Amino acid sequence: MSNETATSAATVKSGLSKKKKVGYALGIFADSVYYNMFYTYYLVFLNEIVGVEAKYSSIVIFISILWDAVTDPMIGAYTDKPGVDKRKVMGKALFPLAIFYIVAWTSIGANFDSQFLKVLFYTIIAMFIWLFYTYYTIPYYAVVAELTNDYDERTQIRSWASTANAIAVALGNILPALVPSVAIILGEKYKSESYAVIAAILAILGTVGGFVCVKSLKGVYKPKPVIEGQQTSSSFGGIMKSFGKLLKMYPARTFLGFVFLFLMGSSMAQANITYSVIDCIKMDYTSGTAIYIVVLSVAMLIFIPIVEKVAKVKDRRFATILFLCITVVGLFAMKIIGLDAKVGSFPVMIIFLPFFYGIGTATFWTLFYSLAYDLVEIDEFKTGTRKESIITAFPQLIQKFGSACGILIAGQMLSAIGYDSSADTVGNESLFKIVSDPKIIAGMSNISTLIPGIIISLSIVCMILFPVTRERYEALKEALNKKNKGESYSTEGFKELLK
């Protein structure tokens with residue numbers, strides 16, 4: 001075994017200065033601003049602006065994200081190859097990502113006569129978005145596992161990125177809430193392009209953040225060296241073989257179940273924010289959405305350092321279970337109390353609903369990738385090779401599949417409960433309408449509270465079954481270091497990780 005591999009299991013620090021860690025953290029803008037505007041508003045955009053029926057618009061999103069999930073392993077395998085520079089891959093993705101993103105929010109397809117042509121056009125454009133998004137995000141997240149294997153530093157780096165993410169979440173959700181105001185500025189003729197204007201602003205922010213990140217990694221990150229005679233493959237068959245081996249690992253199966261279920265529940269609720277604000281909480285679109293996102297972002301900023309602290313004192317598994325349980329209890333309480341509950345004339349659920357989602361969001365995005373990185377050392381112990389990008393790509397594949405399923409279910413449920421934007425007769429904004437049917441409103445409430453609460457509860461069960469604790473990980477790392485050096489070692493203390 002090579003010296004590079006032999007030393008990989010020893011405790012390695014990233015070499016990132018505080019300034020460079022901030023630079024890396026800002027790179028999440030090239031992920032989060034795109035991700036959040038898309039997941040929160042694209043269903044609404046297709047329904048209300050383009051005129052795609054809800055049952056079809058959710059299919060557009062489902063297919064495009066499913067395509068994104070399929071490309072994850074291919075790009076992961078490519079960026080894992082020796083000699084491939086992750087920094088360059090990230091940099092090359094930024095401009096085309098921005099361009100396709102802006103096009104996706106134009107109303108060009110609204111002029112098409114058939115639902116099929118509208119669905120086809122926006123599906124293809126969205127597929128290009130997620131292709132370049134993956135080219136950026138896979139190496140962005142995977143590089144941390146190459147820079148450090150220190151348990152707490154991994155959590156710290158992700159915590160800093162999660163703090164930047166809270167700001168990106170706010171921008172990716174609050175700026176689109178200004179669409180009605182932008183529509184007034186653009187005038188009657190061009191008001192349908194309001195979303196495209198906001199998308200362009202976010203694309204600029206994402207591109208700048210991405211380039212700052214790429215620059216911050218200069219001098220710290222180095223591509224894996226090409227070793228003469230070493231066999232590498234990024235074939236589909238080879239990737240599926242790697243995934244098959246990963247799925248044989250019990251820790252991977254429980255972790256992937258956790259990821260899938262959490263993203264399914266949270267994405268369902270995220271896609272329903274507009275309807276929960278307007279129809280369930282009964283606030284106007286601009287102020288209601290702004291308050292919702294500000295509260296969610298503030299909750300994230302409050303809980304990110306708390307989650308990091310608990311993960312450092314105990315471990316990541318304990319922190320995940322604890323804070324997601326708080327989220328679930330909050331969602332069930334919101335369902336029982338009712339989203340239209342008020343104190344005086346103020347709808348209190350505009351505060352409490354996003355607050356509980358903020359706790360869950362802070363927890364997941366602070367710990368998700370750090371939990372995934374632990375699988376790298378487990379897989380290395382069993383196979384003798386390190387596959388940072390592939391092992392990062394697989395959870396992302398499951399993450400996106402879960403998100404796609406959540407949005408698909410939300411769209412199909414809106415259709416099933418009888419929601420039809422073209423049939424709405426009561427309007428409170430120039431671009432948005434509201435419904436008054438109590439059955440439809442109750443269904444929308446369930447999409448934001450009861451159903452996500454049940455699904456996220458199941459994700460907690462998966463995390464309870466997830467066997468990676470701090471103590472077991474440290475025992476594994478010590479044994480792996482000895483194994484790579486050719487010394488004798490014992491599996492005592494981490495046998496549960498080798499199932």
# chains A, B, ... in the order shown; residues from 1 in each chain; ligands from 1
call {"tool": "residues_around", "arguments": {"residues": "Phe243 of chain A", "least_positions_apart": "5", "cutoff": "12 Å", "atoms": "only C-alpha atoms", "output": "PyMOL selection string"}}
result
chain A and resi 72-74+76-77+236-238+248-249+252-253+256+379+387+389-395+397-398
call {"tool": "write_last_selection", "arguments": {"atoms": "N, CA, C and O atoms", "output": "short mmCIF file (atom, residue, chain, number, x, y, z; two decimals), in the first residue's frame"}}
result
data_model
loop_
_atom_site.label_atom_id
_atom_site.label_comp_id
_atom_site.auth_asym_id
_atom_site.auth_seq_id
_atom_site.Cartn_x
_atom_site.Cartn_y
_atom_site.Cartn_z
N ASP A 72 -25.06 12.21 -10.15
CA ASP A 72 -24.20 12.29 -8.96
C ASP A 72 -23.09 11.24 -8.95
O ASP A 72 -21.92 11.58 -8.77
N PRO A 73 -23.42 9.96 -9.09
CA PRO A 73 -22.35 8.95 -9.01
C PRO A 73 -21.35 9.05 -10.15
O PRO A 73 -20.16 8.79 -9.95
N MET A 74 -21.81 9.43 -11.35
CA MET A 74 -20.90 9.56 -12.48
C MET A 74 -19.88 10.67 -12.23
O MET A 74 -18.68 10.49 -12.43
N GLY A 76 -19.19 11.94 -9.29
CA GLY A 76 -18.41 11.55 -8.12
C GLY A 76 -17.25 10.64 -8.48
O GLY A 76 -16.12 10.83 -8.00
N ALA A 77 -17.51 9.66 -9.34
CA ALA A 77 -16.45 8.74 -9.76
C ALA A 77 -15.37 9.48 -10.56
O ALA A 77 -14.17 9.22 -10.40
N PHE A 236 -19.98 3.12 -15.63
CA PHE A 236 -21.23 2.97 -14.88
C PHE A 236 -21.23 1.67 -14.08
O PHE A 236 -21.67 1.64 -12.92
N GLY A 237 -20.70 0.62 -14.70
CA GLY A 237 -20.64 -0.66 -14.00
C GLY A 237 -19.76 -0.59 -12.76
O GLY A 237 -20.12 -1.14 -11.70
N GLY A 238 -18.62 0.10 -12.89
CA GLY A 238 -17.72 0.23 -11.74
C GLY A 238 -18.35 1.04 -10.62
O GLY A 238 -18.18 0.73 -9.44
N LYS A 248 -23.89 -2.74 1.21
CA LYS A 248 -23.70 -3.91 2.07
C LYS A 248 -23.30 -3.51 3.48
O LYS A 248 -23.37 -4.33 4.40
N MET A 249 -22.89 -2.25 3.64
CA MET A 249 -22.49 -1.75 4.95
C MET A 249 -23.73 -1.28 5.72
O MET A 249 -24.45 -0.41 5.27
N ALA A 252 -24.08 2.46 6.30
CA ALA A 252 -24.49 3.20 5.11
C ALA A 252 -25.99 3.08 4.88
O ALA A 252 -26.67 4.06 4.55
N ARG A 253 -26.54 1.89 5.05
CA ARG A 253 -27.98 1.69 4.81
C ARG A 253 -28.83 2.53 5.77
O ARG A 253 -29.80 3.17 5.36
N LEU A 256 -28.41 6.29 4.84
CA LEU A 256 -29.13 6.65 3.61
C LEU A 256 -30.63 6.70 3.84
O LEU A 256 -31.34 7.54 3.26
N ASP A 379 -15.42 2.48 4.82
CA ASP A 379 -15.23 1.84 3.52
C ASP A 379 -13.75 1.57 3.26
O ASP A 379 -13.39 0.50 2.74
N LYS A 387 -12.58 6.66 -1.28
CA LYS A 387 -13.47 7.11 -2.36
C LYS A 387 -14.33 8.26 -1.85
O LYS A 387 -15.54 8.14 -1.70
N SER A 389 -15.32 11.19 -3.12
CA SER A 389 -16.37 11.77 -3.96
C SER A 389 -17.53 10.80 -4.18
O SER A 389 -18.70 11.20 -4.15
N ILE A 390 -17.21 9.53 -4.42
CA ILE A 390 -18.28 8.56 -4.63
C ILE A 390 -19.13 8.42 -3.37
O ILE A 390 -20.37 8.37 -3.43
N ILE A 391 -18.47 8.38 -2.22
CA ILE A 391 -19.21 8.21 -0.97
C ILE A 391 -19.97 9.48 -0.61
O ILE A 391 -21.00 9.43 0.05
N THR A 392 -19.51 10.64 -1.07
CA THR A 392 -20.28 11.87 -0.90
C THR A 392 -21.43 11.91 -1.91
O THR A 392 -22.52 12.40 -1.60
N ALA A 393 -21.19 11.38 -3.10
CA ALA A 393 -22.20 11.41 -4.16
C ALA A 393 -23.39 10.53 -3.84
O ALA A 393 -24.53 10.88 -4.16
N PHE A 394 -23.15 9.37 -3.22
CA PHE A 394 -24.25 8.45 -2.97
C PHE A 394 -25.29 9.05 -2.02
O PHE A 394 -26.49 9.03 -2.32
N PRO A 395 -24.89 9.61 -0.87
CA PRO A 395 -25.89 10.29 -0.04
C PRO A 395 -26.56 11.45 -0.76
O PRO A 395 -27.75 11.71 -0.54
N LEU A 397 -27.17 11.56 -3.96
CA LEU A 397 -28.14 10.91 -4.84
C LEU A 397 -29.41 10.60 -4.06
O LEU A 397 -30.53 10.92 -4.51
N ILE A 398 -29.26 10.01 -2.89
CA ILE A 398 -30.41 9.67 -2.06
C ILE A 398 -31.12 10.93 -1.58
O ILE A 398 -32.35 11.00 -1.51
#
call {"tool": "select_by_dssp", "arguments": {"residues": "segment 256-486 of chain A", "states": "helix (DSSP H, G or I)", "output": "PyMOL selection string"}}
result
chain A and resi 256-271+273-280+285-313+316-337+349-383+388-416+421-423+438-448+450-465+470-484
call {"tool": "residues_around", "arguments": {"residues": "Glu380 of chain A", "least_positions_apart": "3", "cutoff": "12 Å", "atoms": "only C-alpha atoms", "output": "number ranges by chain"}}
result
A: 5-6, 8-9, 242, 245-246, 249, 373-377, 383-388, 391, 476-477, 479-481, 483-484, 498
call {"tool": "closest_residue", "arguments": {"among": "A:Tyr250, A:Phe352, A:Phe381, A:Tyr419", "to": "Glu53 of chain A", "atoms": "only C-alpha atoms"}}
result
A:Tyr419
call {"tool": "closest_residue", "arguments": {"among": "A:Ser457, A:Glu193, A:Asp150, A:Ile451", "to": "Ala269 of chain A", "atoms": "only C-alpha atoms"}}
result
A:Ile451
call {"tool": "select_by_dssp", "arguments": {"residues": "segment 278-395 of chain A", "states": "strand (DSSP E)", "output": "number ranges by chain"}}
result
A: 342-343, 346-347
call {"tool": "atom_distance", "arguments": {"atom1": "atom CA of Gly418 of chain A", "atom2": "atom CA of Gly443 of chain A"}}
result
9.3 Å
call {"tool": "closest_residue", "arguments": {"among": "A:Gln270, A:Asp279, A:Val310, A:Leu186", "to": "Lys439 of chain A", "atoms": "only C-alpha atoms"}}
result
A:Asp279
call {"tool": "closest_residue", "arguments": {"among": "A:Asn272, A:Ile337, A:Asp31, A:Ala168", "to": "Gln412 of chain A", "atoms": "only C-alpha atoms"}}
result
A:Asn272
call {"tool": "closest_atom_pairs", "arguments": {"of": "segment 304-404 of chain A", "to": "segment 58-67 of chain A", "cutoff": "8 Å", "atoms": "only C-alpha atoms", "output": "JSON lines"}}
result
{"residue": "A:Lys400", "atom": "CA", "partner": "A:Ile65", "partner_atom": "CA", "distance": 6.2}
{"residue": "A:Phe401", "atom": "CA", "partner": "A:Leu66", "partner_atom": "CA", "distance": 5.9}
{"residue": "A:Ser403", "atom": "CA", "partner": "A:Ile65", "partner_atom": "CA", "distance": 7.9}
{"residue": "A:Ala404", "atom": "CA", "partner": "A:Phe62", "partner_atom": "CA", "distance": 4.7}
call {"tool": "residues_around", "arguments": {"residues": "segment 285-301 of chain A", "least_positions_apart": "3", "cutoff": "7 Å", "atoms": "only C-alpha atoms", "output": "count of residues only"}}
result
22
call {"tool": "closest_atom_pairs", "arguments": {"of": "segment 294-388 of chain A", "to": "segment 257-267 of chain A", "cutoff": "10 Å", "atoms": "only C-alpha atoms", "output": "CSV"}}
result
residue,atom,partner,partner_atom,distance
A:Leu324,CA,A:Phe262,CA,9.4
A:Tyr357,CA,A:Ser266,CA,7.9
A:Gly360,CA,A:Ser266,CA,8.6
A:Thr361,CA,A:Ser266,CA,8.2
A:Phe364,CA,A:Phe262,CA,8.3
A:Phe368,CA,A:Val259,CA,7.9
A:Ala372,CA,A:Val259,CA,9.9
call {"tool": "write_last_selection", "arguments": {"atoms": "C-alpha atoms", "output": "CSV table (one decimal), in the first residue's frame"}}
result
chain,number,residue,atom,x,y,z
A,324,LEU,CA,-34.9,16.4,15.1
A,357,TYR,CA,-38.3,23.8,10.6
A,360,GLY,CA,-34.4,20.7,11.8
A,361,THR,CA,-32.8,22.4,8.9
A,364,PHE,CA,-29.5,18.3,9.1
A,368,PHE,CA,-25.3,15.6,7.2
A,372,ALA,CA,-21.3,11.0,5.5
call {"tool": "atom_distance", "arguments": {"atom1": "atom CA of Pro438 of chain A", "atom2": "atom CA of Met283 of chain A"}}
result
16.0 Å
